[in-house]
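Beneath this line is the structure, given in C-alpha cells, with notes to follow.
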Amino acid sequence: MAAAMLTASASAQRTTITANKAQDNWYIGINGGVATAMNKFKIPTASATGLLTGTEDYGFMKGVVPTVGVRIGKNLTTVFGLAVDASAYFEGSNKSLMKRSTFIDGFTVDAIATMNLNNFFAGYKGEPRPFEVIALAGAGYTRSLGKWSADDVYKGSNCKSSGINVKAGLDFALNLGAAKAVQVYLEPAVVFGGLAANWANPFKREVDPVDGKKKYNGLFQLTAGLNYKFMNSNGTHNYKIEELRDQAEIDGLNAKINELRADVNSKDGKLAANAREIADLKAKLAACEARPVQTIVEEKKENILQPMVIFRQGKSTIDAAQYASIEMVAKYMRNHKDAKVIVRGFASPEGNAELNQKLSEARAASVKNALIKKYKIAADRISTEGLGATDKISEENDFNRVAMFIDTTK
C-alpha cells in the first residue's frame with residue numbers, strides 16, 4: 001500500500017527532488033501531554049462473599065496522567081517517513097491508569113510510519129508549508145511497571161505486565177523560521193493494547209471481569225511536541241526541488257555541444273598543421289645555426305682633420321710656418337667644446353726604425369704641447385700616438401714627416 005501511495009504521490013507532484021542520502025532528512029524531537037483511558041472499567045477486588053467487585057470507576061477523563069516522550073525519525077520522501085517513538089506514563093492522581101505503586105505507570109516504544117497529507121494531495125512546493133497535517137500509525141511494545149496495590153486481589157491469567165500495542169494519530173504541525181528547521185505540533189492519538197486495562201487483548205475486545213462487558217484496551221492522549229530537522233547535503237533542512245530543463249532546451253544544448261565539438265575538431269586540424277610548420281621552421285633554424293658564422297667587421301672611418309704639421313728631416317721642433325695648422329685645430333676645438341683629438345706623429349722611411357719610432361712620438365708630443373701652452377687647450381682633450389716610419393701618406397718622403405689630427409669625438 002505504501003509503494004502504491006508513493007507512486008501516486010510522485011505522479012501527482014510531477015516534480016523531481018534532490019537525492020535523499022542516508023544522512024539526510026533526519027529529525028529529533030520531544031513531546032509531552034496527558035493520557036486517559038478510553039473505556040470505563042473498575043479495578044477488580046474480592047468481596048466478603050468472594051465475588052469480584054470494582055472499587056473505583058475508571059474511564060475517559062477520569063484517570064488522566066501526564067506523559068512525556070521522545071521521537072527520532074527520517075523523512076524518506078516528501079510524503080512518507082519512519083520514526084521511533086518512546087513515551088513514559090506517570091502516576092498522575094489517585095485514579096491512575098493502572099493504580100500502580102510506582103512513580104511511572106509504564107512506557108511504550110513504537111515504530112511508526114508518517115504520511116504528510118498536504119504533500120500527498122497538493123504536492124511539494126520546494127519547502128514545507130507553514131501549516132501541515134501529518135498522519136501517523138504504527139505498532140510497538142508496552143510495559144507496565146510496579147505491583148498491584150494491597151487491595152487489588154485479582155490475579156487472573158490475563159493479568160500481563162507487557163504486550164504489543166498499536167498507535168494512530170494526527171499531527172497538526174507548524175513549520176517555523178526562514179529555514180523551516182523547527183516544527184511544533186499538537187498530536188491527538190489513540191493507543192490500543194496499552195496500559196488502560198492490562199488484562200485485555202491488544203487487538204480485540206475483551207470481557208471486563210467486573211461488569212462482564214466487552215471493552216477495548218485503549219488510551220487517548222493529547223501531546224504537544226517540537227522537532228528539529230538536521231541540515232541536509234543539499235544545504236537546507238528539507239527537501240529541495242531540482243531545477244529541471246525541458247526537452248527542447250536539452251536538445252538545443254546538445255546541438256550547441258555538437259557544434260562546439262566540430263569547432264574543436266577543426267581547430268585541432270589547424271593546430272596539427274601549425275605544429276608541422278613549426279617543426280619545419282625549427283629544422284631550418286637548426287641548419288642555419290650549423291653553418292659557419294661569418295663575422296662582418298665594419299671599419300670605422302676616422303674623422304681626420306685636414307691641417308697637418310710638417311717637420312724637417314730628423315727634427316721634432318715646429319717651424320713657425322707650421323703654427324697656422326695648429327691654430328686651425330685649436331680654433332676647431334674651442335668651437336667644439338666636447339671635441340677630443342689624437343695627435344699622430346710619423347717619420348719618413350729612411351733611417352733606423354727605432355730612431356724613427358722615437359722621432360714620431362716626439363713630433364706628436366711637441367704638437368700637443370703647443371696646443372696646451374700656446375692655445376690653452378685642456379690636456380685631457382688631447383692624446384698622442386707615435387706610429388714610426390711610413391711611406392703611405394705620400395710618395396714623397398718629405399711629406400711623410402708629419403703630425404696629423406684625428407677627431408675622436410664621434
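Identifiers in this document derive from the order of the C-alpha cells: chains are assigned A, B, ..., residues are numbered from 1 separately in each chain, and ligands are numbered from 1 in order of occurrence.
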At a cut-off of 7 Å, using only C-alpha atoms, what residues contact Ala173 of chain A? Leave out same-chain residues fewer than 6 positions from it and give the result as a list in words.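 The residues satisfying every condition are Phe131, Glu132, Val133, Gln183, Val184, Tyr185 and Leu186 of chain A.
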Neighbouring residues of segment 338-340 of chain A were defined as those with any atom within 7 Å, considering only C-alpha atoms; residues of the same chain fewer than 5 positions away were excluded. Please report them as a PyMOL selection string. chain A and resi 333+381-382+407-409
Store the residues picked out above in a file with all heavy atoms, as a tab-separated table (two decimals), in the first residue's frame.
chain	number	residue	atom	x	y	z
A	333	MET	N	88.73	73.17	-31.82
A	333	MET	CA	88.44	72.60	-30.50
A	333	MET	C	87.77	73.61	-29.59
A	333	MET	O	86.97	73.25	-28.72
A	333	MET	CB	89.73	72.08	-29.86
A	333	MET	CG	90.34	70.91	-30.63
A	333	MET	SD	91.77	70.20	-29.81
A	333	MET	CE	90.99	69.33	-28.45
A	381	ARG	N	91.96	66.74	-23.28
A	381	ARG	CA	91.24	66.64	-24.55
A	381	ARG	C	92.18	66.19	-25.68
A	381	ARG	O	91.74	66.03	-26.81
A	381	ARG	CB	90.62	67.98	-24.92
A	381	ARG	CG	89.56	68.45	-23.90
A	381	ARG	CD	89.05	69.83	-24.25
A	381	ARG	NE	88.35	69.83	-25.52
A	381	ARG	CZ	87.94	70.94	-26.15
A	381	ARG	NH1	88.20	72.13	-25.61
A	381	ARG	NH2	87.31	70.87	-27.30
A	382	ILE	N	93.50	65.99	-25.34
A	382	ILE	CA	94.49	65.68	-26.38
A	382	ILE	C	95.24	64.44	-25.97
A	382	ILE	O	95.69	64.29	-24.83
A	382	ILE	CB	95.47	66.86	-26.56
A	382	ILE	CG1	94.72	68.17	-26.77
A	382	ILE	CG2	96.42	66.58	-27.73
A	382	ILE	CD1	95.59	69.40	-26.63
A	407	ASP	N	89.95	63.47	-35.02
A	407	ASP	CA	88.86	63.81	-34.08
A	407	ASP	C	88.18	62.52	-33.58
A	407	ASP	O	87.62	61.78	-34.37
A	407	ASP	CB	87.84	64.70	-34.79
A	407	ASP	CG	86.76	65.23	-33.84
A	407	ASP	OD1	86.78	64.83	-32.64
A	407	ASP	OD2	85.89	66.00	-34.29
A	408	THR	N	88.28	62.27	-32.28
A	408	THR	CA	87.71	61.03	-31.69
A	408	THR	C	86.36	61.26	-31.03
A	408	THR	O	85.83	60.39	-30.30
A	408	THR	CB	88.68	60.46	-30.66
A	408	THR	OG1	88.86	61.38	-29.60
A	408	THR	CG2	90.03	60.13	-31.30
A	409	THR	N	85.80	62.45	-31.23
A	409	THR	CA	84.54	62.75	-30.54
A	409	THR	C	83.40	61.88	-31.03
A	409	THR	O	82.58	61.36	-30.25
A	409	THR	CB	84.17	64.24	-30.77
A	409	THR	OG1	85.28	65.05	-30.39
A	409	THR	CG2	82.93	64.61	-29.97
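A straight line drawn from atom CA of Gln221 of chain A to atom CA of Gly33 of chain A is 7.2 Å long.
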Nearest to Phe192 of chain A by atom-to-atom distance, counting only C-alpha atoms, from A:Ala283, A:Leu371, A:Leu136, A:Met38: A:Met38
Provide the atom CA of Gln306 of chain A to atom CA of Phe405 of chain A distance in Å, to one decimal place.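 Taking atom CA of Gln306 of chain A as the start and atom CA of Phe405 of chain A as the end point, the length is 7.7 Å.
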If you count only C-alpha atoms, which residues fall within 12 Å of Gly32 of chain A, apart from same-chain ones fewer than 2 positions away, as an NGL selection string? :A and (29-30 or 34-35 or 65-71 or 86-90 or 184-188 or 221-226)
Find the residues around segment 396-399 of chain A up to 6 Å (only C-alpha atoms counted), leave out those fewer than 2 positions away in its own chain, and share them as an MDAnalysis selection string. chainID A and resid 348 394 401
Writer output for current selection, C-alpha atoms, as a tab-separated table (two decimals), in the first residue's frame:
chain	number	residue	atom	x	y	z
A	348	SER	CA	109.93	59.13	-43.34
A	394	SER	CA	102.75	60.31	-49.78
A	401	ARG	CA	107.44	63.61	-41.83
Among listed residues A:Lys358, A:Arg363, A:Arg334, A:Lys167, nearest Thr108 of chain A (using only C-alpha atoms):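 Result for the nearest residue to Thr108 of chain A: A:Lys167.
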Excluding same-chain residues fewer than 6 positions from segment 343-347 of chain A, what lies within 9 Å of it counting only C-alpha atoms, as an MDAnalysis selection string? chainID A and resid 311 313:314 356:357 359:365 367:368 382:391 397 400:406
Write out, as a PDB file, in the first residue's frame, the residues just selected, with C-alpha atoms.
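Result file is result.pdb:
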ATOM      1  CA  PHE A 311     108.658  68.642 -39.869  1.00  0.00           C
ATOM      2  CA  GLN A 313     114.214  65.646 -41.602  1.00  0.00           C
ATOM      3  CA  GLY A 314     115.336  64.266 -38.227  1.00  0.00           C
ATOM      4  CA  ASN A 356     112.093  56.823 -36.474  1.00  0.00           C
ATOM      5  CA  GLN A 357     109.666  55.489 -33.834  1.00  0.00           C
ATOM      6  CA  LEU A 359     111.068  60.697 -33.616  1.00  0.00           C
ATOM      7  CA  SER A 360     107.354  60.114 -34.468  1.00  0.00           C
ATOM      8  CA  GLU A 361     106.456  60.104 -30.752  1.00  0.00           C
ATOM      9  CA  ALA A 362     108.449  63.325 -30.149  1.00  0.00           C
ATOM     10  CA  ARG A 363     106.739  65.106 -33.074  1.00  0.00           C
ATOM     11  CA  ALA A 364     103.238  64.201 -31.688  1.00  0.00           C
ATOM     12  CA  ALA A 365     104.266  65.355 -28.194  1.00  0.00           C
ATOM     13  CA  VAL A 367     102.271  69.439 -31.242  1.00  0.00           C
ATOM     14  CA  LYS A 368     100.301  68.556 -28.084  1.00  0.00           C
ATOM     15  CA  ILE A 382      94.485  65.681 -26.380  1.00  0.00           C
ATOM     16  CA  SER A 383      96.243  62.329 -26.684  1.00  0.00           C
ATOM     17  CA  THR A 384      99.246  61.297 -28.783  1.00  0.00           C
ATOM     18  CA  GLU A 385     100.432  58.308 -30.807  1.00  0.00           C
ATOM     19  CA  GLY A 386     103.816  57.765 -32.459  1.00  0.00           C
ATOM     20  CA  LEU A 387     103.415  55.441 -35.441  1.00  0.00           C
ATOM     21  CA  GLY A 388     107.049  55.382 -36.629  1.00  0.00           C
ATOM     22  CA  ALA A 389     108.171  55.483 -40.258  1.00  0.00           C
ATOM     23  CA  THR A 390     105.656  55.359 -43.098  1.00  0.00           C
ATOM     24  CA  ASP A 391     105.530  55.756 -46.853  1.00  0.00           C
ATOM     25  CA  ASN A 397     109.485  61.211 -48.279  1.00  0.00           C
ATOM     26  CA  ASN A 400     105.705  61.629 -44.632  1.00  0.00           C
ATOM     27  CA  ARG A 401     107.436  63.614 -41.827  1.00  0.00           C
ATOM     28  CA  VAL A 402     104.199  64.933 -40.373  1.00  0.00           C
ATOM     29  CA  ALA A 403     101.811  65.122 -37.423  1.00  0.00           C
ATOM     30  CA  MET A 404      98.109  64.528 -38.159  1.00  0.00           C
ATOM     31  CA  PHE A 405      94.966  65.354 -36.120  1.00  0.00           C
ATOM     32  CA  ILE A 406      92.199  62.684 -35.604  1.00  0.00           C
TER      33      ILE A 406
END
My list of candidates is A:Pro128, A:Gly269, A:Gly140, A:Pro349. Which is closest to Thr236 of chain A when distances are computed with only C-alpha atoms?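 For Thr236 of chain A, the nearest of the given residues is A:Pro128.
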Between atom CA of Gly73 of chain A and atom CA of Ala139 of chain A, distance in Å (one decimal):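 Taking atom CA of Gly73 of chain A and atom CA of Ala139 of chain A, their separation equals 14.9 Å.
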